[in-house]
>>> print(open('work.cif').read())   # mmCIF, C-alpha atoms
data_coords
#
loop_
_atom_site.label_atom_id
_atom_site.label_comp_id
_atom_site.auth_asym_id
_atom_site.auth_seq_id
_atom_site.Cartn_x
_atom_site.Cartn_y
_atom_site.Cartn_z
CA MET A 1 11.79 72.82 -49.05
CA ASN A 2 12.68 73.67 -52.67
CA CYS A 3 15.33 71.17 -53.67
CA GLU A 4 15.89 72.89 -57.04
CA SER A 5 16.98 76.22 -55.51
CA GLU A 6 18.86 74.65 -52.52
CA PRO A 7 20.08 71.20 -53.58
CA SER A 8 22.65 70.88 -50.77
CA SER A 9 20.12 71.61 -48.04
CA CYS A 10 17.68 69.17 -49.59
CA GLY A 11 20.25 66.39 -49.54
CA SER A 12 20.95 66.99 -45.87
CA TRP A 13 17.24 66.91 -45.04
CA VAL A 14 16.73 63.64 -46.88
CA GLN A 15 19.72 62.06 -45.14
CA GLU A 16 18.46 63.16 -41.74
CA ASN A 17 15.07 61.63 -42.42
CA LEU A 18 16.62 58.41 -43.67
CA ASN A 19 18.75 58.23 -40.52
CA GLU A 20 15.70 58.84 -38.34
CA ILE A 21 13.71 56.14 -40.14
CA GLU A 22 16.61 53.69 -39.83
CA GLY A 23 16.93 54.50 -36.13
CA ARG A 24 13.24 53.75 -35.62
CA ARG A 25 13.62 50.49 -37.50
CA MET A 26 16.55 49.50 -35.30
CA ALA A 27 14.59 50.37 -32.20
CA TRP A 28 11.61 48.29 -33.34
CA ARG A 29 13.93 45.46 -34.31
CA ARG A 30 15.57 45.49 -30.88
CA ALA A 31 12.17 45.62 -29.22
CA GLY A 32 11.01 42.70 -31.35
CA ILE A 33 14.09 40.69 -30.46
CA VAL A 34 13.65 41.43 -26.75
CA PHE A 35 9.94 40.51 -26.96
CA ALA A 36 10.71 37.26 -28.77
CA VAL A 37 13.45 36.31 -26.32
CA MET A 38 11.25 37.08 -23.32
CA THR A 39 8.35 35.16 -24.85
CA VAL A 40 10.52 32.10 -25.38
CA ALA A 41 11.92 32.47 -21.87
CA ASN A 42 8.43 32.73 -20.38
CA VAL A 43 7.25 29.70 -22.33
CA VAL A 44 10.27 27.71 -21.13
CA ILE A 45 9.80 28.83 -17.53
CA ALA A 46 6.07 28.16 -17.63
CA SER A 47 6.55 24.74 -19.19
CA GLN A 48 9.20 23.86 -16.63
CA LEU A 49 6.96 24.99 -13.81
CA SER A 50 4.07 22.99 -15.26
CA TYR A 51 6.30 19.95 -15.74
CA ARG A 52 7.64 20.25 -12.21
CA ALA A 53 4.12 20.62 -10.88
CA VAL A 54 2.91 17.54 -12.72
CA GLU A 55 6.03 15.66 -11.68
CA HIS A 56 5.48 16.66 -8.06
CA MET A 57 1.88 15.42 -8.18
CA ASP A 58 3.24 11.93 -8.91
CA THR A 59 5.47 11.84 -5.84
CA THR A 60 4.76 9.95 -2.64
CA GLN A 61 5.02 13.20 -0.65
CA PHE A 62 2.24 14.87 -2.66
CA CYS A 63 -0.07 11.84 -2.57
CA GLY A 64 0.47 11.08 1.09
CA GLN A 65 1.26 14.38 2.77
CA THR A 66 -0.33 17.12 0.69
CA CYS A 67 -3.52 15.08 0.49
CA HIS A 68 -4.56 14.49 4.11
CA VAL A 69 -7.11 11.81 3.27
CA MET A 70 -4.31 9.50 2.14
CA LYS A 71 -2.41 9.73 5.43
CA PRO A 72 -3.21 6.13 6.50
CA GLU A 73 -1.93 4.67 3.22
CA PHE A 74 1.13 6.95 3.30
CA THR A 75 1.95 5.92 6.87
CA ALA A 76 1.67 2.21 6.03
CA HIS A 77 3.71 2.68 2.84
CA GLU A 78 6.56 4.38 4.72
CA ALA A 79 6.81 1.44 7.13
CA LEU A 80 7.21 -1.28 4.50
CA ALA A 81 10.50 -2.12 2.84
CA PRO A 82 11.36 -2.52 0.01
CA HIS A 83 8.27 -0.97 -1.59
CA GLN A 84 8.68 2.22 0.43
CA ALA A 85 11.25 3.26 -2.20
CA LEU A 86 8.57 3.23 -4.92
CA ALA A 87 6.57 6.34 -5.78
CA CYS A 88 2.78 6.01 -5.71
CA ALA A 89 2.57 6.62 -9.47
CA GLU A 90 4.73 3.58 -10.22
CA CYS A 91 1.97 1.24 -9.05
CA HIS A 92 -1.19 3.34 -9.26
CA ILE A 93 -0.81 4.83 -12.75
CA ALA A 94 -0.82 2.58 -15.80
CA PRO A 95 2.00 3.22 -18.31
CA GLY A 96 1.41 5.39 -21.36
CA ALA A 97 -0.61 8.50 -22.10
CA THR A 98 -3.96 6.73 -21.55
CA GLY A 99 -3.00 5.59 -18.08
CA TRP A 100 -1.70 9.05 -17.19
CA LEU A 101 -4.86 10.74 -18.47
CA LYS A 102 -7.15 8.35 -16.55
CA ALA A 103 -5.15 8.96 -13.39
CA LYS A 104 -5.39 12.73 -13.74
CA MET A 105 -9.12 12.57 -14.41
CA ALA A 106 -9.60 10.39 -11.33
CA GLY A 107 -7.38 12.77 -9.37
CA THR A 108 -9.53 15.72 -10.40
CA ASN A 109 -12.65 13.95 -9.15
CA GLN A 110 -10.89 13.15 -5.89
CA LEU A 111 -9.82 16.79 -5.53
CA PHE A 112 -13.43 17.95 -5.82
CA ALA A 113 -14.46 15.32 -3.28
CA VAL A 114 -11.88 16.66 -0.83
CA LEU A 115 -12.89 20.28 -1.45
CA LEU A 116 -16.56 19.41 -0.96
CA ASN A 117 -15.71 17.18 2.00
CA ASN A 118 -17.76 14.29 0.62
CA TYR A 119 -14.98 11.73 0.12
CA PRO A 120 -15.59 8.25 1.61
CA ARG A 121 -14.36 7.51 5.10
CA PRO A 122 -12.44 5.27 5.17
CA ILE A 123 -10.92 5.80 1.75
CA GLU A 124 -11.66 2.84 -0.48
CA SER A 125 -8.79 0.63 -1.57
CA ALA A 126 -7.97 0.25 -5.26
CA MET A 127 -9.56 -3.19 -5.10
CA GLU A 128 -12.81 -1.76 -3.73
CA ASN A 129 -13.17 1.03 -6.28
CA ASN A 130 -11.98 -1.11 -9.22
CA ARG A 131 -9.04 1.16 -10.00
CA LEU A 132 -6.46 -1.60 -9.91
CA VAL A 133 -3.64 -1.33 -12.40
CA SER A 134 -2.82 -4.67 -14.01
CA SER A 135 -0.12 -6.69 -12.26
CA ALA A 136 1.62 -6.98 -15.63
CA ASP A 137 2.14 -3.21 -15.55
CA THR A 138 3.10 -3.03 -11.87
CA CYS A 139 4.23 -6.08 -9.89
CA GLU A 140 5.60 -7.91 -12.90
CA GLN A 141 7.89 -5.06 -13.85
CA CYS A 142 10.12 -6.35 -11.03
CA HIS A 143 8.72 -9.81 -10.27
CA THR A 144 8.06 -12.55 -12.77
CA ARG A 145 5.48 -15.28 -12.43
CA ASP A 146 7.63 -17.72 -14.41
CA GLN A 147 10.54 -17.62 -11.97
CA ALA A 148 10.58 -20.60 -9.60
CA ILE A 149 11.38 -19.62 -6.03
CA SER A 150 12.75 -22.27 -3.69
CA PRO A 151 10.90 -23.06 -0.43
CA ARG A 152 11.28 -20.34 2.18
CA LEU A 153 11.52 -20.84 5.93
CA ARG A 154 9.21 -18.53 7.84
CA VAL A 155 9.51 -18.17 11.61
CA ILE A 156 6.62 -16.44 13.40
CA PRO A 157 7.25 -15.36 17.01
CA SER A 158 4.39 -15.11 19.47
CA TYR A 159 4.06 -14.30 23.16
CA LYS A 160 1.46 -15.64 25.56
CA ASP A 161 -0.77 -13.56 27.83
CA ASP A 162 0.87 -14.94 30.98
CA GLU A 163 3.03 -13.04 33.46
CA ALA A 164 6.28 -14.19 31.85
CA ASN A 165 5.12 -13.33 28.30
CA THR A 166 6.18 -16.86 27.34
CA ARG A 167 7.69 -16.91 23.86
CA THR A 168 6.59 -19.51 21.32
CA GLN A 169 7.49 -19.89 17.67
CA THR A 170 5.74 -21.29 14.63
CA VAL A 171 7.97 -22.46 11.81
CA LEU A 172 6.57 -22.90 8.31
CA LEU A 173 8.28 -24.09 5.15
CA MET A 174 6.55 -22.08 2.43
CA TYR A 175 6.26 -23.65 -1.03
CA VAL A 176 6.43 -20.43 -3.02
CA GLY A 177 7.17 -22.06 -6.37
CA GLY A 178 6.31 -20.38 -9.67
CA GLY A 179 6.17 -21.16 -13.38
CA THR A 180 5.65 -24.87 -14.01
CA SER A 181 7.22 -25.87 -10.69
CA GLY A 182 3.93 -25.64 -8.81
CA GLY A 183 3.87 -24.20 -5.34
CA ILE A 184 1.71 -21.24 -4.40
CA HIS A 185 2.67 -19.04 -7.35
CA GLY A 186 2.73 -21.84 -9.89
CA ALA A 187 -0.70 -23.14 -8.90
CA HIS A 188 -2.33 -19.73 -9.27
CA LEU A 189 -0.30 -17.85 -11.88
CA GLY A 190 1.88 -20.49 -13.55
CA SER A 191 2.24 -21.08 -17.28
CA GLY A 192 -1.09 -21.92 -18.88
CA VAL A 193 -3.05 -21.18 -15.70
CA LYS A 194 -5.93 -18.73 -15.78
CA ILE A 195 -8.23 -18.23 -12.83
CA ARG A 196 -11.36 -16.10 -12.84
CA TYR A 197 -13.74 -15.41 -9.97
CA ARG A 198 -16.83 -13.46 -9.02
CA ALA A 199 -17.06 -11.41 -5.84
CA ALA A 200 -20.23 -10.65 -3.90
CA ASP A 201 -18.78 -7.64 -2.05
CA LYS A 202 -16.60 -4.64 -2.92
CA LYS A 203 -13.68 -5.81 -0.79
CA ARG A 204 -13.76 -9.18 -2.58
CA GLN A 205 -13.90 -11.16 0.63
CA ILE A 206 -16.93 -13.23 -0.42
CA ILE A 207 -16.19 -15.27 -3.56
CA PRO A 208 -19.06 -17.57 -4.56
CA TRP A 209 -17.71 -18.65 -7.98
CA VAL A 210 -14.25 -19.67 -9.19
CA GLU A 211 -13.20 -20.88 -12.64
CA TYR A 212 -9.86 -22.67 -13.13
CA ARG A 213 -8.36 -23.32 -16.54
CA ASN A 214 -5.00 -24.83 -17.48
CA THR A 215 -4.23 -24.80 -21.19
CA LEU A 216 -1.19 -27.05 -20.70
CA SER A 217 -3.06 -29.85 -18.91
CA GLY A 218 -6.42 -29.19 -20.54
CA ILE A 219 -8.16 -29.01 -17.16
CA SER A 220 -11.15 -26.68 -16.91
CA ARG A 221 -13.35 -26.51 -13.81
CA SER A 222 -15.96 -24.19 -12.33
CA PHE A 223 -16.60 -24.12 -8.60
CA LEU A 224 -19.70 -22.81 -6.84
CA ALA A 225 -19.83 -22.07 -3.12
CA ALA A 226 -22.24 -24.22 -1.15
CA GLY A 227 -25.75 -22.80 -1.18
CA THR A 228 -25.05 -20.78 -4.33
CA THR A 229 -26.73 -21.21 -7.69
CA ALA A 230 -25.50 -20.18 -11.12
CA ASN A 231 -28.41 -17.77 -11.50
CA SER A 232 -27.74 -16.05 -8.18
CA ILE A 233 -24.19 -15.04 -9.13
CA ARG A 234 -24.76 -14.27 -12.80
CA SER A 235 -24.89 -10.49 -12.29
CA LEU A 236 -21.78 -10.32 -10.08
CA PRO A 237 -18.63 -8.74 -11.53
CA THR A 238 -16.00 -11.13 -12.88
CA PHE A 239 -12.28 -10.66 -12.27
CA GLU A 240 -9.19 -12.41 -13.53
CA MET A 241 -6.85 -13.40 -10.75
CA GLN A 242 -3.59 -11.47 -10.49
CA CYS A 243 -0.87 -10.85 -7.90
CA VAL A 244 -2.84 -8.31 -5.87
CA ASP A 245 -5.71 -10.69 -5.20
CA CYS A 246 -3.47 -12.22 -2.52
CA HIS A 247 -0.81 -9.50 -2.11
CA ASN A 248 -3.45 -6.78 -1.77
CA ARG A 249 -1.55 -4.94 0.97
CA ALA A 250 1.96 -5.43 -0.38
CA SER A 251 2.79 -1.73 0.02
CA HIS A 252 0.18 -0.62 2.56
CA ALA A 253 -0.16 -3.33 5.22
CA PHE A 254 -1.78 -2.43 8.51
CA GLU A 255 -1.17 -4.36 11.72
CA LEU A 256 -3.49 -5.93 14.24
CA PRO A 257 -2.85 -5.43 17.99
CA ASP A 258 -1.73 -8.97 18.83
CA ARG A 259 0.71 -9.29 15.93
CA ALA A 260 2.01 -5.76 16.37
CA VAL A 261 2.85 -6.29 20.05
CA ASN A 262 4.43 -9.67 19.27
CA GLN A 263 6.70 -8.04 16.72
CA ALA A 264 7.58 -5.14 19.00
CA ILE A 265 8.64 -7.56 21.76
CA ALA A 266 10.58 -9.69 19.28
CA ASN A 267 12.41 -6.58 18.00
CA GLY A 268 13.24 -5.42 21.53
CA ARG A 269 11.15 -2.26 21.40
CA ILE A 270 9.05 -3.63 24.27
CA ALA A 271 10.93 -5.31 27.10
CA LEU A 272 10.09 -8.99 27.49
CA SER A 273 10.99 -8.79 31.20
CA LEU A 274 7.99 -6.58 32.02
CA PRO A 275 5.30 -8.83 33.58
CA PHE A 276 2.09 -9.17 31.54
CA VAL A 277 3.31 -6.58 29.04
CA LYS A 278 1.91 -8.59 26.12
CA LYS A 279 -1.56 -8.90 27.62
CA GLU A 280 -1.70 -5.34 28.92
CA GLY A 281 -0.26 -3.90 25.72
CA VAL A 282 -2.90 -5.53 23.51
CA GLU A 283 -5.70 -4.42 25.85
CA LEU A 284 -4.48 -0.83 25.79
CA LEU A 285 -4.36 -0.83 22.00
CA LYS A 286 -7.90 -2.16 21.77
CA ALA A 287 -9.32 0.31 24.30
CA GLY A 288 -11.56 3.07 23.00
CA TYR A 289 -10.14 6.59 22.64
CA ALA A 290 -11.75 9.84 21.58
CA GLY A 291 -8.98 10.40 19.04
CA ASN A 292 -5.32 9.81 18.27
CA ASP A 293 -4.18 12.64 20.54
CA GLU A 294 -5.91 11.08 23.52
CA ALA A 295 -4.46 7.67 22.65
CA ALA A 296 -0.94 9.12 22.47
CA GLN A 297 -1.33 10.44 26.01
CA LYS A 298 -3.35 7.70 27.68
CA ILE A 299 -1.57 4.58 26.42
CA PRO A 300 1.84 5.36 28.01
CA ALA A 301 0.18 6.85 31.11
CA ASP A 302 -2.13 3.87 31.64
CA LEU A 303 0.72 1.40 31.20
CA THR A 304 2.73 3.27 33.83
CA THR A 305 -0.29 3.29 36.15
CA PHE A 306 -0.75 -0.47 35.68
CA TYR A 307 2.77 -1.22 36.89
CA ARG A 308 2.61 1.27 39.76
CA GLN A 309 -0.56 -0.38 41.03
CA LYS A 310 0.15 -4.06 40.26
CA TYR A 311 3.96 -4.26 40.24
CA PRO A 312 5.39 -1.33 42.23
CA ASP A 313 8.85 -2.92 42.39
CA ALA A 314 8.99 -3.28 38.61
CA ALA A 315 7.68 0.27 38.25
CA ALA A 316 10.56 1.56 40.35
CA LYS A 317 13.31 -0.59 38.84
CA HIS A 318 12.24 -0.51 35.19
CA ALA A 319 10.73 2.93 34.79
CA ALA A 320 12.69 3.60 31.58
CA ALA A 321 11.64 0.27 30.03
CA ILE A 322 8.00 0.93 30.95
CA GLN A 323 8.18 4.39 29.40
CA ALA A 324 9.76 2.97 26.23
CA ALA A 325 7.09 0.26 26.04
CA GLY A 326 4.34 2.85 26.41
CA GLU A 327 5.83 4.95 23.61
CA SER A 328 6.12 1.89 21.38
CA LEU A 329 2.49 0.99 21.99
CA ALA A 330 1.42 4.57 21.23
CA ALA A 331 3.43 4.44 17.99
CA ILE A 332 1.68 1.19 17.00
CA TYR A 333 -1.69 2.84 17.56
CA GLU A 334 -0.70 5.99 15.67
CA ARG A 335 0.34 4.14 12.51
CA ASN A 336 -2.73 1.90 12.41
CA VAL A 337 -5.68 3.91 13.71
CA PHE A 338 -6.86 7.20 12.18
CA SER A 339 -10.05 8.15 13.98
CA ASP A 340 -10.93 11.17 11.84
CA LEU A 341 -10.79 9.01 8.70
CA LYS A 342 -12.60 6.06 10.32
CA VAL A 343 -9.64 3.74 9.92
CA SER A 344 -9.34 1.29 12.79
CA TRP A 345 -8.07 -2.23 13.48
CA GLY A 346 -9.04 -4.52 10.62
CA THR A 347 -10.49 -1.83 8.35
CA TYR A 348 -8.37 -3.04 5.45
CA PRO A 349 -8.23 -6.87 5.28
CA ASN A 350 -4.98 -8.49 4.23
CA ASN A 351 -5.53 -11.49 1.94
CA LEU A 352 -2.02 -12.90 2.37
CA GLY A 353 -2.43 -16.00 4.53
CA HIS A 354 -5.52 -17.00 6.47
CA THR A 355 -4.81 -16.38 10.16
CA ASP A 356 -6.19 -12.88 10.69
CA TYR A 357 -8.58 -12.63 7.74
CA PRO A 358 -10.26 -15.19 5.44
CA GLY A 359 -7.50 -14.68 2.87
CA CYS A 360 -6.78 -18.03 1.22
CA PHE A 361 -9.93 -19.53 2.73
CA ARG A 362 -12.11 -17.25 0.60
CA CYS A 363 -11.71 -20.00 -2.01
CA HIS A 364 -9.81 -22.81 -0.25
CA ASP A 365 -12.61 -23.70 2.15
CA GLU A 366 -13.62 -27.14 0.86
CA SER A 367 -17.12 -25.79 0.24
CA HIS A 368 -16.58 -24.60 -3.34
CA LEU A 369 -17.79 -27.52 -5.47
CA THR A 370 -17.82 -28.52 -9.12
CA SER A 371 -20.84 -30.24 -10.64
CA ASP A 372 -19.15 -33.60 -9.91
CA LYS A 373 -18.38 -32.61 -6.28
CA LYS A 374 -14.69 -31.81 -6.65
CA THR A 375 -13.51 -29.11 -4.24
CA ILE A 376 -10.79 -26.47 -4.06
CA THR A 377 -8.31 -28.09 -1.72
CA GLN A 378 -7.70 -26.93 1.83
CA ASP A 379 -4.75 -29.25 2.31
CA CYS A 380 -2.12 -27.35 4.33
CA ALA A 381 0.70 -29.24 2.61
CA ALA A 382 -0.27 -27.76 -0.74
CA CYS A 383 1.19 -24.40 0.30
CA HIS A 384 3.39 -24.97 3.33
CA GLN A 385 4.76 -27.57 5.67
CA PRO A 386 4.22 -26.82 9.39
CA VAL A 387 7.60 -27.68 10.92
CA ALA A 388 6.73 -26.38 14.40
CA MET A 389 3.49 -24.96 15.79
CA ASP A 390 3.65 -22.61 18.81
CA GLU A 391 6.64 -24.38 20.36
CA THR A 392 8.79 -22.73 23.00
CA ALA A 393 12.01 -24.21 21.58
CA PRO A 394 11.51 -25.57 18.04
CA GLU A 395 14.03 -28.30 17.31
CA ILE A 396 14.44 -27.15 13.71
CA LEU A 397 15.84 -23.79 14.85
CA LYS A 398 18.41 -25.56 16.99
CA THR A 399 19.36 -27.72 14.04
CA LEU A 400 19.75 -24.66 11.82
CA GLU A 401 21.52 -22.84 14.65
CA LEU A 402 19.19 -19.86 14.41
CA THR A 403 19.00 -17.62 17.44
CA PRO A 404 15.76 -15.84 18.37
CA ALA A 405 17.14 -12.59 16.92
CA GLN A 406 17.93 -14.31 13.63
CA SER A 407 14.65 -16.17 13.37
CA HIS A 408 12.02 -13.47 13.68
#
>>> encode(input="work.cif", output="structure tokens")
Amino acid sequence: MNCESEPSSCGSWVQENLNEIEGRRMAWRRAGIVFAVMTVANVVIASQLSYRAVEHMDTTQFCGQTCHVMKPEFTAHEALAPHQALACAECHIAPGATGWLKAKMAGTNQLFAVLLNNYPRPIESAMENNRLVSSADTCEQCHTRDQAISPRLRVIPSYKDDEANTRTQTVLLMYVGGGTSGGIHGAHLGSGVKIRYRAADKKRQIIPWVEYRNTLSGISRSFLAAGTTANSIRSLPTFEMQCVDCHNRASHAFELPDRAVNQAIANGRIALSLPFVKKEGVELLKAGYAGNDEAAQKIPADLTTFYRQKYPDAAAKHAAAIQAAGESLAAIYERNVFSDLKVSWGTYPNNLGHTDYPGCFRCHDESHLTSDKKTITQDCAACHQPVAMDETAPEILKTLELTPAQSH
């Protein structure tokens, strides 16, 4: 176009082109704005999804239900108050970025083990695989070793294997203590006390060497188990004692048949009036089954058969109670035995006490000696006072006016 000969037309053409260019710029600007907004939105959504995913992986439901191999621990955790309210990550992941990173790396290894189906059966406890988080970062966030706890009365119900399921009770006065007040906690974790030990097995049930130091009293002693030499234990791993050395099943305790049936009778889930129900119940729990499904069917059926054959009158009059007892026994089996994961009665020892497992007696056996023949005491009165032992009507409970329902 010749702008000199047609100036008006030239001006119109220029304006049209300018308008077109501006329109394109506006379109690109709007596209850029939309792209930027959508990018930010996608980043936010993706980050939220990632955060939610990571957050979900720290929940009890993910650890115990998504991951089948942890079903035994999840089942035991759900049965124990008050720790059932705690998420797995609160005790099994150390605080801070380092603890989180270690946990995720361990979780990745465990995921591959599950995918490749080469994970250990039964699953090792944190104590066995040395993945314990320090008690200072877990237990002691709620409990303090310096707090003195007054003596606690513990009443343990038991039922004999006779026809009447005769009830007896053991009453113990537990010297819990703490801090400088002595007692169980004070003696092991009190101010100035530091205890180290060496274990000869992964479950830490065999402890050939113990070292006790008290910076307040100046006492320092090393104890060797009888028949052990310093050279023979030199290569064993050394651990510093903490809460979980005794409370190793604080959130995941499994039952044994005798105790489980005792508790079920005491709680009224199994009728005390059924003859020989204690004896028969324990035998049914200990019987061999091809799997949990078979146990769920056979335990109630076999209990019903027992009463039909041995006590037909009771079978007719108390059919509902027998059915309820059979279901309770099946429930006990289901929450303690996991055949596919090779978890059975006693798979995971509980170090609290010394009745069912070595527990306290791993060290307090009078056979751990110092060079001058001092021993780690096994004096019962150091930890508790037996007020009544397997008595049918303990006098102390009458004095305290505790009924059977209140005392178990």
>>> closest_atom_pairs(input="work.cif", of="region 70-141 of chain A", to="region 228-247 of chain A", cutoff="8 Å", atoms="only C-alpha atoms", output="CSV")
residue,atom,partner,partner_atom,distance
A:Ser134,CA,A:Gln242,CA,7.7
A:Ser135,CA,A:Cys243,CA,6.1
A:Cys139,CA,A:Cys243,CA,7.3
>>> atom_distance(input="work.cif", atom1="CA of Glu366 (chain A)", atom2="CA of Gly192 (chain A)")
24.0 Å
>>> resolve_selection(input="work.cif", expression="the PyMOL selection byres ((chain A and resi 370) around 8)", output="PyMOL selection string")
chain A and resi 221-224+368-369+371-375
>>> write_last_selection(input="work.cif", atoms="C-alpha atoms", output="PDB file, in the coordinates of the input")
ATOM      1  CA  ARG A 221     -13.350 -26.510 -13.810  1.00  0.00           C
ATOM      2  CA  SER A 222     -15.960 -24.190 -12.330  1.00  0.00           C
ATOM      3  CA  PHE A 223     -16.600 -24.120  -8.600  1.00  0.00           C
ATOM      4  CA  LEU A 224     -19.700 -22.810  -6.840  1.00  0.00           C
ATOM      5  CA  HIS A 368     -16.580 -24.600  -3.340  1.00  0.00           C
ATOM      6  CA  LEU A 369     -17.790 -27.520  -5.470  1.00  0.00           C
ATOM      7  CA  SER A 371     -20.840 -30.240 -10.640  1.00  0.00           C
ATOM      8  CA  ASP A 372     -19.150 -33.600  -9.910  1.00  0.00           C
ATOM      9  CA  LYS A 373     -18.380 -32.610  -6.280  1.00  0.00           C
ATOM     10  CA  LYS A 374     -14.690 -31.810  -6.650  1.00  0.00           C
ATOM     11  CA  THR A 375     -13.510 -29.110  -4.240  1.00  0.00           C
TER      12      THR A 375
END
>>> resolve_selection(input="work.cif", expression="the PyMOL selection byres ((chain A and resi 266-282) around 8)", output="list in words")
Pro157, Tyr159, Lys160, Asp161, Asp162, Glu163, Ala164, Asn165, Pro257, Asp258, Val261, Asn262, Gln263, Ala264, Ile265, Glu283, Leu284, Leu285, Lys286, Leu303, Ala314, Ala321, Ile322, Ala324, Ala325, Ser328, Leu329, Ala405 and His408 of chain A
>>> atom_distance(input="work.cif", atom1="CA of Ser158 (chain A)", atom2="CA of Leu397 (chain A)")
15.1 Å
>>> closest_residue(input="work.cif", among="A:Val171, A:Phe74, A:His68, A:Cys360", to="Arg152 (chain A)", atoms="only C-alpha atoms")
A:Val171
>>> resolve_selection(input="work.cif", expression="the PyMOL selection byres ((chain A and resi 131) around 12)", output="PyMOL selection string")
chain A and resi 91-94+99+102-103+106-107+124-130+132-134+202
>>> closest_residue(input="work.cif", among="A:Arg213, A:Lys194, A:Lys104, A:Arg259", to="Ile156 (chain A)", atoms="all atoms listed in the file")
A:Arg259
>>> residues_around(input="work.cif", residues="Ala187 (chain A)", least_positions_apart="2", cutoff="12 Å", atoms="only C-alpha atoms", output="MDAnalysis selection string")
chainID A and resid 145:146 148 175:185 189:195 212:214 241 376:377 382:383
>>> write_last_selection(input="work.cif", atoms="C-alpha atoms", output="compact mmCIF listing (two decimals), in the frame of the given file")
# COMPACT_ATOMS: atom_id res chain seq x y z
CA ARG A 145 5.48 -15.28 -12.43
CA ASP A 146 7.63 -17.72 -14.41
CA ALA A 148 10.58 -20.60 -9.60
CA TYR A 175 6.26 -23.65 -1.03
CA VAL A 176 6.43 -20.43 -3.02
CA GLY A 177 7.17 -22.06 -6.37
CA GLY A 178 6.31 -20.38 -9.67
CA GLY A 179 6.17 -21.16 -13.38
CA THR A 180 5.65 -24.87 -14.01
CA SER A 181 7.22 -25.87 -10.69
CA GLY A 182 3.93 -25.64 -8.81
CA GLY A 183 3.87 -24.20 -5.34
CA ILE A 184 1.71 -21.24 -4.40
CA HIS A 185 2.67 -19.04 -7.35
CA LEU A 189 -0.30 -17.85 -11.88
CA GLY A 190 1.88 -20.49 -13.55
CA SER A 191 2.24 -21.08 -17.28
CA GLY A 192 -1.09 -21.92 -18.88
CA VAL A 193 -3.05 -21.18 -15.70
CA LYS A 194 -5.93 -18.73 -15.78
CA ILE A 195 -8.23 -18.23 -12.83
CA TYR A 212 -9.86 -22.67 -13.13
CA ARG A 213 -8.36 -23.32 -16.54
CA ASN A 214 -5.00 -24.83 -17.48
CA MET A 241 -6.85 -13.40 -10.75
CA ILE A 376 -10.79 -26.47 -4.06
CA THR A 377 -8.31 -28.09 -1.72
CA ALA A 382 -0.27 -27.76 -0.74
CA CYS A 383 1.19 -24.40 0.30
>>> closest_residue(input="work.cif", among="A:Leu101, A:Cys142, A:Leu172, A:Leu111", to="Ala388 (chain A)", atoms="only C-alpha atoms")
A:Leu172
>>> atom_distance(input="work.cif", atom1="CA of Leu402 (chain A)", atom2="CA of Asp390 (chain A)")
16.4 Å
>>> residues_around(input="work.cif", residues="Glu73 (chain A)", least_positions_apart="6", cutoff="9 Å", atoms="all atoms listed in the file", output="PDB file with C-alpha atoms, in the coordinates of the input")
ATOM      1  CA  GLY A  64       0.470  11.080   1.090  1.00  0.00           C
ATOM      2  CA  SER A 251       2.790  -1.730   0.020  1.00  0.00           C
ATOM      3  CA  HIS A 252       0.180  -0.620   2.560  1.00  0.00           C
ATOM      4  CA  ALA A 253      -0.160  -3.330   5.220  1.00  0.00           C
ATOM      5  CA  PHE A 254      -1.780  -2.430   8.510  1.00  0.00           C
TER       6      PHE A 254
END
>>> closest_residue(input="work.cif", among="A:Val69, A:Ala290, A:Pro122, A:Arg198", to="Gln110 (chain A)", atoms="all atoms listed in the file")
A:Val69
>>> build_atoms(input="work.cif", residues="region 158-166 of chain A", atoms="N, CA and C atoms", output="PDB file, in the frame of the given file")
ATOM      1  N   SER A 158       5.622 -15.465  18.776  1.00  0.00           N
ATOM      2  CA  SER A 158       4.390 -15.110  19.470  1.00  0.00           C
ATOM      3  C   SER A 158       4.661 -15.138  20.973  1.00  0.00           C
ATOM      4  N   TYR A 159       3.871 -14.377  21.712  1.00  0.00           N
ATOM      5  CA  TYR A 159       4.060 -14.300  23.160  1.00  0.00           C
ATOM      6  C   TYR A 159       2.711 -14.493  23.840  1.00  0.00           C
ATOM      7  N   LYS A 160       2.717 -15.312  24.886  1.00  0.00           N
ATOM      8  CA  LYS A 160       1.460 -15.640  25.560  1.00  0.00           C
ATOM      9  C   LYS A 160       1.028 -14.510  26.488  1.00  0.00           C
ATOM     10  N   ASP A 161      -0.209 -14.592  26.947  1.00  0.00           N
ATOM     11  CA  ASP A 161      -0.770 -13.560  27.830  1.00  0.00           C
ATOM     12  C   ASP A 161      -0.456 -13.818  29.298  1.00  0.00           C
ATOM     13  N   ASP A 162       0.541 -14.650  29.581  1.00  0.00           N
ATOM     14  CA  ASP A 162       0.870 -14.940  30.980  1.00  0.00           C
ATOM     15  C   ASP A 162       1.858 -13.896  31.518  1.00  0.00           C
ATOM     16  N   GLU A 163       2.167 -14.012  32.801  1.00  0.00           N
ATOM     17  CA  GLU A 163       3.030 -13.040  33.460  1.00  0.00           C
ATOM     18  C   GLU A 163       4.415 -12.984  32.839  1.00  0.00           C
ATOM     19  N   ALA A 164       4.920 -14.125  32.399  1.00  0.00           N
ATOM     20  CA  ALA A 164       6.280 -14.190  31.850  1.00  0.00           C
ATOM     21  C   ALA A 164       6.319 -13.854  30.356  1.00  0.00           C
ATOM     22  N   ASN A 165       5.171 -13.588  29.757  1.00  0.00           N
ATOM     23  CA  ASN A 165       5.120 -13.330  28.300  1.00  0.00           C
ATOM     24  C   ASN A 165       5.822 -14.448  27.541  1.00  0.00           C
ATOM     25  N   THR A 166       5.479 -15.684  27.871  1.00  0.00           N
ATOM     26  CA  THR A 166       6.180 -16.860  27.340  1.00  0.00           C
ATOM     27  C   THR A 166       6.234 -16.819  25.810  1.00  0.00           C
TER      28      THR A 166
END
